[in-house]
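Below is the file upload-v4.txt, which contains compact mmCIF, C-alpha atoms.
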# COMPACT_ATOMS: atom_id res chain seq x y z
CA MET A 1 -65.33 -48.49 -137.54
CA ASN A 2 -62.50 -50.98 -137.14
CA SER A 3 -62.39 -52.16 -133.52
CA ASN A 4 -58.70 -53.05 -133.91
CA HIS A 5 -57.66 -49.42 -134.09
CA ILE A 6 -54.95 -48.51 -131.63
CA ARG A 7 -56.35 -46.60 -128.66
CA PHE A 8 -53.57 -44.07 -128.32
CA TRP A 9 -55.24 -42.24 -125.46
CA GLU A 10 -54.88 -45.36 -123.31
CA LEU A 11 -51.15 -45.72 -123.96
CA SER A 12 -48.57 -44.94 -121.31
CA SER A 13 -44.97 -44.02 -122.01
CA GLY A 14 -43.08 -47.22 -122.76
CA ASP A 15 -46.11 -49.12 -124.06
CA GLU A 16 -45.49 -51.09 -127.23
CA ILE A 17 -47.37 -49.97 -130.35
CA ASP A 18 -48.51 -52.52 -132.90
CA ARG A 19 -46.20 -51.48 -135.75
CA GLN A 20 -47.66 -54.00 -138.19
CA HIS A 21 -51.11 -52.54 -137.70
CA LEU A 22 -49.76 -49.02 -138.17
CA GLU A 23 -48.32 -49.96 -141.54
CA ILE A 24 -51.66 -51.09 -142.89
CA CYS A 25 -54.03 -48.66 -141.12
CA GLU A 26 -54.10 -45.08 -142.35
CA GLU A 27 -56.48 -43.95 -139.61
CA CYS A 28 -54.10 -45.17 -136.89
CA ARG A 29 -51.12 -43.53 -138.60
CA ARG A 30 -53.01 -40.25 -138.48
CA GLN A 31 -53.94 -40.80 -134.82
CA SER A 32 -50.34 -41.70 -134.06
CA GLU A 33 -49.24 -38.36 -135.49
CA VAL A 34 -51.85 -36.45 -133.48
CA HIS A 35 -50.76 -38.31 -130.36
CA ARG A 36 -47.11 -37.52 -131.02
CA LEU A 37 -47.86 -33.83 -131.49
CA LEU A 38 -49.88 -33.76 -128.30
CA LEU A 39 -47.07 -35.32 -126.28
CA ILE A 40 -44.55 -32.90 -127.75
CA GLN A 41 -46.73 -29.98 -126.84
CA LEU A 42 -47.30 -31.25 -123.31
CA SER A 43 -43.57 -31.66 -122.79
CA ARG A 44 -43.07 -28.07 -123.93
CA LEU A 45 -45.51 -26.52 -121.52
CA PRO A 46 -43.89 -23.75 -119.50
CA ARG A 47 -42.84 -24.36 -115.92
CA ILE A 48 -42.82 -21.63 -113.34
CA GLU A 49 -40.56 -20.92 -110.39
CA ALA A 50 -41.81 -20.20 -106.91
CA PRO A 51 -40.94 -16.60 -106.05
CA PRO A 52 -37.93 -16.05 -103.80
CA PHE A 53 -38.79 -15.93 -100.08
CA PHE A 54 -42.03 -17.84 -100.68
CA ALA A 55 -41.07 -20.37 -97.98
CA ALA A 56 -40.16 -17.54 -95.59
CA ARG A 57 -43.52 -15.91 -96.23
CA VAL A 58 -45.36 -19.14 -95.44
CA GLN A 59 -43.28 -19.52 -92.26
CA ASN A 60 -44.23 -15.99 -91.20
CA LEU A 61 -47.93 -16.67 -91.76
CA ILE A 62 -47.68 -19.80 -89.67
CA SER A 63 -45.81 -18.18 -86.81
CA GLU A 64 -48.39 -15.36 -86.72
CA ALA A 65 -51.24 -17.86 -86.51
CA ARG A 66 -49.60 -20.29 -84.10
CA PRO A 67 -50.94 -20.32 -80.52
CA SER A 68 -47.50 -20.91 -79.05
CA LEU A 69 -47.60 -22.11 -75.40
CA VAL A 70 -51.22 -23.23 -75.24
CA TYR A 71 -50.72 -25.29 -78.40
CA TYR A 72 -47.71 -27.11 -76.98
CA PHE A 73 -49.38 -27.74 -73.60
CA GLN A 74 -52.37 -29.22 -75.42
CA ARG A 75 -50.15 -31.44 -77.52
CA MET A 76 -48.16 -32.53 -74.47
CA ALA A 77 -51.36 -33.30 -72.56
CA ALA A 78 -52.71 -35.29 -75.50
CA GLN A 79 -49.51 -37.30 -75.69
CA LEU A 80 -49.37 -37.91 -71.93
CA ALA A 81 -53.08 -38.70 -71.50
CA PRO A 82 -52.78 -42.51 -71.88
CA LEU A 83 -49.84 -42.63 -69.46
CA LEU A 84 -51.69 -40.50 -66.87
CA THR A 85 -54.80 -42.66 -67.17
CA LEU A 86 -52.73 -45.78 -66.55
CA LEU A 87 -51.01 -44.15 -63.58
CA ILE A 88 -54.34 -43.16 -61.99
CA LEU A 89 -55.72 -46.65 -62.55
CA VAL A 90 -52.70 -48.36 -60.95
CA THR A 91 -52.71 -45.94 -57.99
CA SER A 92 -56.41 -46.44 -57.29
CA LEU A 93 -55.98 -50.22 -57.45
CA LEU A 94 -53.09 -50.00 -54.99
CA ILE A 95 -55.11 -47.80 -52.59
CA HIS A 96 -58.04 -50.18 -52.83
CA SER A 97 -55.98 -53.28 -52.05
CA VAL A 98 -54.19 -51.54 -49.15
CA SER A 99 -57.51 -50.42 -47.60
CA ASN A 100 -58.90 -53.95 -47.96
CA GLU A 101 -55.88 -55.38 -46.18
CA GLN A 102 -56.35 -52.89 -43.33
CA SER A 103 -60.02 -53.86 -42.87
CA GLY A 104 -58.89 -57.47 -42.37
CA GLN A 105 -61.74 -59.12 -44.32
CA PRO A 106 -61.16 -58.40 -47.96
CA GLY A 107 -64.38 -58.59 -49.91
CA SER A 108 -66.67 -59.51 -46.92
CA GLY A 109 -68.26 -56.03 -46.78
CA GLY A 110 -68.96 -55.61 -43.08
CA GLN A 111 -70.89 -52.36 -43.54
CA ALA A 112 -73.01 -53.79 -46.33
CA ALA A 113 -74.10 -56.59 -44.03
CA VAL A 114 -75.47 -54.01 -41.55
CA VAL A 115 -77.45 -52.24 -44.29
CA LEU A 116 -79.00 -55.49 -45.50
CA ASP A 117 -79.90 -56.57 -41.96
CA GLU A 118 -83.53 -55.35 -41.48
CA SER A 119 -83.26 -55.83 -37.72
CA ALA A 120 -80.79 -52.95 -37.56
CA PHE A 121 -83.54 -50.56 -38.82
CA PRO A 122 -86.86 -51.96 -37.48
CA GLU A 123 -88.73 -48.70 -38.16
CA VAL A 124 -88.26 -48.96 -41.95
CA SER A 125 -89.25 -52.59 -42.29
CA VAL A 126 -91.82 -53.53 -44.94
CA GLU A 127 -94.44 -54.39 -42.32
CA ASN A 128 -94.07 -50.99 -40.68
CA MET A 129 -94.45 -49.19 -43.99
CA ILE A 130 -97.68 -51.07 -44.81
CA ALA A 131 -99.03 -50.33 -41.35
CA MET A 132 -98.27 -46.62 -41.70
CA PRO A 133 -101.17 -44.39 -40.37
CA PRO A 134 -103.53 -43.20 -43.20
CA ASP A 135 -103.43 -39.50 -42.13
CA LEU A 136 -99.80 -39.38 -43.19
CA ASP A 137 -100.80 -40.31 -46.77
CA GLU A 138 -103.60 -37.74 -46.81
CA GLY A 139 -101.22 -35.09 -45.54
CA SER A 140 -98.85 -35.74 -48.33
CA ASN A 141 -101.65 -35.39 -50.90
CA ARG A 142 -102.73 -32.00 -49.76
CA MET B 1 -26.94 -33.68 -94.56
CA ALA B 2 -30.54 -33.05 -95.63
CA ARG B 3 -33.19 -34.32 -93.23
CA THR B 4 -35.78 -36.81 -94.44
CA ASP B 5 -39.43 -35.81 -94.80
CA ALA B 6 -40.29 -37.81 -91.67
CA GLU B 7 -37.61 -36.00 -89.67
CA LEU B 8 -38.82 -32.63 -90.92
CA VAL B 9 -42.42 -33.47 -89.98
CA ALA B 10 -41.37 -34.57 -86.48
CA ALA B 11 -39.28 -31.44 -86.01
CA THR B 12 -42.17 -29.24 -87.22
CA LEU B 13 -44.53 -30.86 -84.73
CA ASP B 14 -41.98 -30.17 -82.01
CA GLY B 15 -42.11 -26.47 -82.88
CA ASP B 16 -39.17 -26.12 -85.26
CA GLY B 17 -40.44 -23.49 -87.71
CA ASN B 18 -37.36 -23.84 -89.92
CA ALA B 19 -38.16 -27.50 -90.51
CA PHE B 20 -41.48 -26.58 -92.07
CA GLY B 21 -39.66 -23.99 -94.21
CA ASP B 22 -37.51 -26.84 -95.54
CA ILE B 23 -40.65 -28.84 -96.39
CA VAL B 24 -42.02 -25.84 -98.30
CA ARG B 25 -38.78 -25.37 -100.22
CA ARG B 26 -38.66 -29.08 -101.07
CA TYR B 27 -42.16 -29.21 -102.56
CA GLN B 28 -42.91 -25.66 -103.72
CA GLN B 29 -41.92 -26.32 -107.34
CA PHE B 30 -44.30 -29.23 -107.63
CA VAL B 31 -47.15 -27.30 -106.01
CA PHE B 32 -46.62 -24.15 -108.09
CA ASN B 33 -46.52 -26.04 -111.39
CA ALA B 34 -49.40 -28.38 -110.62
CA VAL B 35 -51.58 -25.39 -109.68
CA TYR B 36 -50.41 -23.36 -112.67
CA HIS B 37 -51.03 -26.15 -115.17
CA TYR B 38 -54.39 -26.96 -113.64
CA LEU B 39 -55.69 -23.40 -113.43
CA GLY B 40 -54.20 -22.50 -116.81
CA ALA B 41 -53.07 -19.04 -115.70
CA ARG B 42 -50.38 -17.53 -113.47
CA GLY B 43 -52.73 -15.13 -111.71
CA ASP B 44 -53.79 -16.97 -108.56
CA VAL B 45 -51.02 -19.56 -108.41
CA GLU B 46 -49.15 -18.05 -105.46
CA ASP B 47 -52.28 -17.63 -103.32
CA VAL B 48 -53.40 -21.18 -104.01
CA ALA B 49 -49.91 -22.58 -103.33
CA GLN B 50 -49.78 -20.63 -100.07
CA GLU B 51 -53.12 -22.11 -99.03
CA VAL B 52 -51.83 -25.60 -99.87
CA PHE B 53 -48.90 -25.20 -97.46
CA LEU B 54 -51.04 -23.65 -94.72
CA LYS B 55 -53.41 -26.60 -94.97
CA LEU B 56 -50.46 -28.96 -94.92
CA TYR B 57 -49.18 -27.34 -91.73
CA ARG B 58 -52.59 -27.49 -90.03
CA SER B 59 -53.03 -31.14 -90.96
CA LEU B 60 -49.56 -32.40 -89.99
CA ASP B 61 -50.70 -33.75 -86.62
CA ARG B 62 -53.24 -35.94 -88.46
CA PHE B 63 -50.68 -37.09 -91.03
CA ASP B 64 -49.80 -40.79 -90.84
CA ARG B 65 -46.02 -40.67 -90.66
CA SER B 66 -45.67 -44.22 -91.90
CA ARG B 67 -46.77 -42.99 -95.33
CA PRO B 68 -44.84 -40.71 -97.72
CA LEU B 69 -45.30 -36.99 -97.16
CA GLN B 70 -45.33 -36.27 -100.87
CA ALA B 71 -48.53 -38.30 -101.32
CA TRP B 72 -50.14 -36.16 -98.61
CA ILE B 73 -48.97 -32.98 -100.41
CA TYR B 74 -50.27 -34.26 -103.75
CA ARG B 75 -53.68 -34.84 -102.19
CA ILE B 76 -53.86 -31.42 -100.53
CA THR B 77 -52.76 -29.77 -103.78
CA ALA B 78 -55.40 -31.64 -105.78
CA ASN B 79 -58.13 -30.81 -103.27
CA GLN B 80 -57.15 -27.14 -103.20
CA CYS B 81 -57.17 -26.94 -107.01
CA LEU B 82 -60.60 -28.59 -107.14
CA ASP B 83 -61.88 -26.15 -104.50
CA GLU B 84 -60.57 -23.23 -106.55
CA ALA B 85 -62.28 -24.62 -109.65
CA ARG B 86 -65.58 -24.89 -107.79
CA LYS B 87 -65.27 -21.32 -106.55
CA SER B 88 -64.58 -19.93 -110.00
CA ARG B 89 -66.89 -22.20 -111.97
CA HIS B 90 -69.14 -19.39 -113.05
CA ARG B 91 -66.26 -17.20 -114.16
CA ARG B 92 -64.61 -20.06 -116.00
CA VAL B 93 -67.71 -20.92 -117.97
CA LYS B 94 -67.63 -17.38 -119.27
CA ASN B 95 -63.91 -17.46 -120.08
CA PHE B 96 -63.63 -20.91 -121.61
CA ALA B 97 -66.39 -20.92 -124.17
CA ASP B 98 -66.08 -22.87 -127.42
CA LEU B 99 -62.97 -22.26 -129.44
CA GLY B 100 -63.36 -19.57 -132.05
CA GLU B 101 -61.83 -19.65 -135.51
CA GLU B 102 -59.04 -17.34 -134.47
CA GLU B 103 -58.05 -19.63 -131.62
CA GLU B 104 -58.21 -22.70 -133.78
CA GLU B 105 -55.80 -20.94 -136.11
CA ARG B 106 -53.46 -20.29 -133.17
CA ILE B 107 -53.56 -23.94 -132.19
CA ARG B 108 -52.76 -24.94 -135.77
CA ARG B 109 -49.77 -22.66 -135.61
CA TYR B 110 -48.55 -24.09 -132.30
CA PHE B 111 -48.91 -27.65 -133.47
CA ASP B 112 -47.43 -27.03 -136.86
CA GLU B 113 -44.55 -29.41 -137.39
CA ASP B 114 -42.39 -26.62 -138.76
CA GLN B 115 -42.35 -25.01 -135.30
CA HIS B 116 -41.25 -28.00 -133.24
CA GLY B 117 -37.65 -26.92 -133.12
CA ALA B 118 -38.42 -23.27 -132.45
CA SER B 119 -38.48 -21.89 -128.92
CA LEU B 120 -41.56 -19.90 -128.02
CA THR B 121 -41.64 -16.77 -125.90
CA GLU B 122 -43.09 -16.91 -122.40
CA SER B 123 -46.35 -15.30 -123.49
CA GLU B 124 -46.67 -17.75 -126.39
CA ASP B 125 -46.07 -20.65 -124.00
CA ASP B 126 -48.74 -19.29 -121.68
CA GLU B 127 -51.06 -19.04 -124.63
CA THR B 128 -50.43 -22.67 -125.54
CA LEU B 129 -51.31 -23.74 -122.03
CA ARG B 130 -54.42 -21.58 -122.06
CA LEU B 131 -55.57 -23.16 -125.30
CA LEU B 132 -54.88 -26.67 -124.07
CA ARG B 133 -56.83 -25.82 -120.93
CA LYS B 134 -59.63 -24.53 -123.07
CA MET B 135 -59.72 -27.69 -125.14
CA MET B 136 -60.21 -29.65 -121.95
CA ASP B 137 -63.19 -27.52 -121.02
CA GLY B 138 -66.40 -29.41 -120.34
CA LEU B 139 -64.60 -32.35 -118.81
CA PRO B 140 -65.04 -33.14 -115.12
CA GLU B 141 -62.59 -31.26 -112.87
CA LYS B 142 -61.17 -34.48 -111.46
CA ASP B 143 -60.40 -35.72 -114.97
CA ARG B 144 -58.42 -32.59 -115.67
CA MET B 145 -56.62 -32.81 -112.35
CA ALA B 146 -55.69 -36.43 -113.02
CA PHE B 147 -54.42 -35.51 -116.48
CA VAL B 148 -52.29 -32.63 -115.19
CA LEU B 149 -50.77 -34.72 -112.40
CA ARG B 150 -49.96 -37.62 -114.69
CA GLU B 151 -49.20 -36.18 -118.13
CA ILE B 152 -47.69 -32.84 -117.15
CA GLU B 153 -46.30 -33.29 -113.64
CA GLY B 154 -45.21 -36.87 -114.29
CA LEU B 155 -46.76 -38.64 -111.29
CA SER B 156 -47.35 -42.37 -111.49
CA TYR B 157 -50.90 -43.73 -111.83
CA ALA B 158 -50.70 -44.91 -108.21
CA GLU B 159 -49.73 -41.42 -107.02
CA VAL B 160 -52.53 -39.84 -109.04
CA SER B 161 -55.03 -42.28 -107.57
CA GLN B 162 -53.84 -41.44 -104.04
CA ALA B 163 -54.02 -37.70 -104.73
CA LEU B 164 -57.59 -38.01 -105.96
CA ASN B 165 -58.58 -40.64 -103.40
CA THR B 166 -59.67 -43.05 -106.10
CA SER B 167 -58.59 -46.39 -107.54
CA VAL B 168 -55.74 -46.72 -110.03
CA THR B 169 -58.20 -47.96 -112.65
CA ALA B 170 -60.45 -44.94 -112.14
CA ALA B 171 -57.43 -42.63 -112.40
CA ARG B 172 -56.41 -44.31 -115.68
CA ILE B 173 -59.92 -43.90 -117.08
CA ARG B 174 -60.00 -40.22 -116.15
CA ILE B 175 -56.64 -39.58 -117.82
CA SER B 176 -57.61 -41.51 -120.97
CA ARG B 177 -60.84 -39.53 -121.24
CA VAL B 178 -58.96 -36.22 -121.29
CA LYS B 179 -56.35 -37.48 -123.73
CA LYS B 180 -59.05 -38.75 -126.05
CA LYS B 181 -60.87 -35.44 -126.02
CA LEU B 182 -57.65 -33.53 -126.69
CA MET B 183 -56.77 -35.86 -129.55
CA VAL B 184 -60.23 -35.55 -131.10
CA GLN B 185 -60.05 -31.76 -130.95
CA LEU B 186 -56.51 -31.64 -132.29
CA ASP B 187 -57.37 -34.09 -135.04
CA LYS B 188 -60.27 -31.90 -136.07
CA ILE B 189 -58.17 -28.75 -136.10
CA LEU B 190 -55.12 -30.28 -137.77
CA GLY B 191 -57.34 -32.13 -140.23
CA SER B 192 -58.90 -28.90 -141.37
CA ARG B 193 -55.38 -27.47 -141.81
CA GLN B 194 -54.47 -30.32 -144.14
CA GLY B 195 -57.71 -29.75 -146.02
CA GLU B 196 -56.72 -26.12 -146.61
CA ARG B 197 -53.36 -27.05 -148.11
CA PRO B 198 -53.26 -26.91 -151.92
Could you render the structure as structure tokens?
Amino acid sequence: MNSNHIRFWELSSGDEIDRQHLEICEECRRQSEVHRLLLIQLSRLPRIEAPPFFAARVQNLISEARPSLVYYFQRMAAQLAPLLTLLILVTSLLIHSVSNEQSGQPGSGGQAAVVLDESAFPEVSVENMIAMPPDLDEGSNR
Amino acid sequence: MARTDAELVAATLDGDGNAFGDIVRRYQQFVFNAVYHYLGARGDVEDVAQEVFLKLYRSLDRFDRSRPLQAWIYRITANQCLDEARKSRHRRVKNFADLGEEEEERIRRYFDEDQHGASLTESEDDETLRLLRKMMDGLPEKDRMAFVLREIEGLSYAEVSQALNTSVTAARIRISRVKKKLMVQLDKILGSRQGERP
């Protein structure tokens, strides 16, 4: 088979056809005719009209299925979510900085210092826990 | 003045039901004809088209409004047609068996050069489409869809590739494959007609 045959099935409208080749190649002339007939037939295929009121019917189906108020609240919430998150973040930062200012020592953590100071809770020191009476352990195992 | 697609989408999302009606009216002809030419029969066209627009409505909040709405509609239409084909695969295999002699004769008649100027009746036109559809039988569904969108509905290769979520090259290959098969079948049928002539 001649590999120089025109590949009509790969042509798009507006593509140039090698006329010189067509003149000398009978096979391509035949294919050209088949291609032409196919395009004619495709252009003649019937077209149909959408029935009247089709759009109205679709609208009715949608309005029946639409969860009216809930749907819009959900959409509104989804749209406002980033803004609300930002607002909450800014407010909490403001509250935090105001409370720090009122305590007078921002960042020093006065209460934390008491918790870390073992002398404030001598009964729970490490030494006391090691020296705990053995009957307490036994009691817990029973 | 007519609203743009983007304006209609925005209005629909804000609850304007009439805006979606305008979208339907704007694209219903394309959807009806693409479905009709793909399925090859008028029977289920309205139901399928209706489903296309319902899916469009449900997916509007996911639609990227920076892109053209028509591309989104083309894709939903193609997907719906392919779904329908999958559902009716068994039935179609029964209906679209190999062409018989009688049907080949009908195709010869339709493609006869003497008839090019003549106008066919609606039922004859339907028959032509049915036979073309039958000649495409055995090809992958996506090939057929690509062919219908490009060669019958007149979409560009880029639009076809978007509708089928594939590359432009792949869309071109699919379309060429269908055209080649149709040409081979027609050549065979028309060739035998010439052989019969005295």
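Distance criterion 6 Å to chain B, applied with all atoms listed in the file, yields Trp9, Glu10, Pro46 and Ala55 of chain A on chain A.
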Would you save the residues from that selection as a tab-separated table (two decimals), in the coordinates of the input, using C-alpha atoms?
chain	number	residue	atom	x	y	z
A	9	TRP	CA	-55.24	-42.24	-125.46
A	10	GLU	CA	-54.88	-45.36	-123.31
A	46	PRO	CA	-43.89	-23.75	-119.50
A	55	ALA	CA	-41.07	-20.37	-97.98
- Message: For a test of reading the model, state the distance in Å between atom CA of A:Leu37 and atom CA of B:Leu164, rounded to one decimal.
- Response: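 Pair atom CA of A:Leu37 / atom CA of B:Leu164 returns 27.6 Å.
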- Gap from atom CA of B:Asp143 to atom CA of B:Asp47 - Å, one decimal: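 Result for atom CA of B:Asp143 versus atom CA of B:Asp47: 23.0 Å, one decimal.
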- Query: What is the atom CA of A:Val58 to atom CA of B:Asp64 distance in Å?
  - Reply: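 Going from atom CA of A:Val58 over to atom CA of B:Asp64 covers 22.6 Å.
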- Message: So that I can check the surroundings of B:Asn79, please list as a VMD selection string every protein, DNA and RNA residue that reaches within 10 Å of it, counting all atoms listed in the file and ignoring chain neighbours fewer than 2 positions away.
- Response: chain B and resid 52 73 to 77 81 to 85 142 145 163 to 165
- Task: Could you give me, as a PyMOL selection string, the residues within 10 Å of A:Asp18, counting all atoms listed in the file and dropping anything in the same chain fewer than 4 positions from it?
- Result: chain A and resi 5-6+22-23
- Nearest to B:Arg144: which of B:Val168, B:Ala158, B:Val48, B:Ala78 is it, counting all atoms listed in the file?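 Among the listed residues, the smallest separation from B:Arg144 belongs to B:Ala78.
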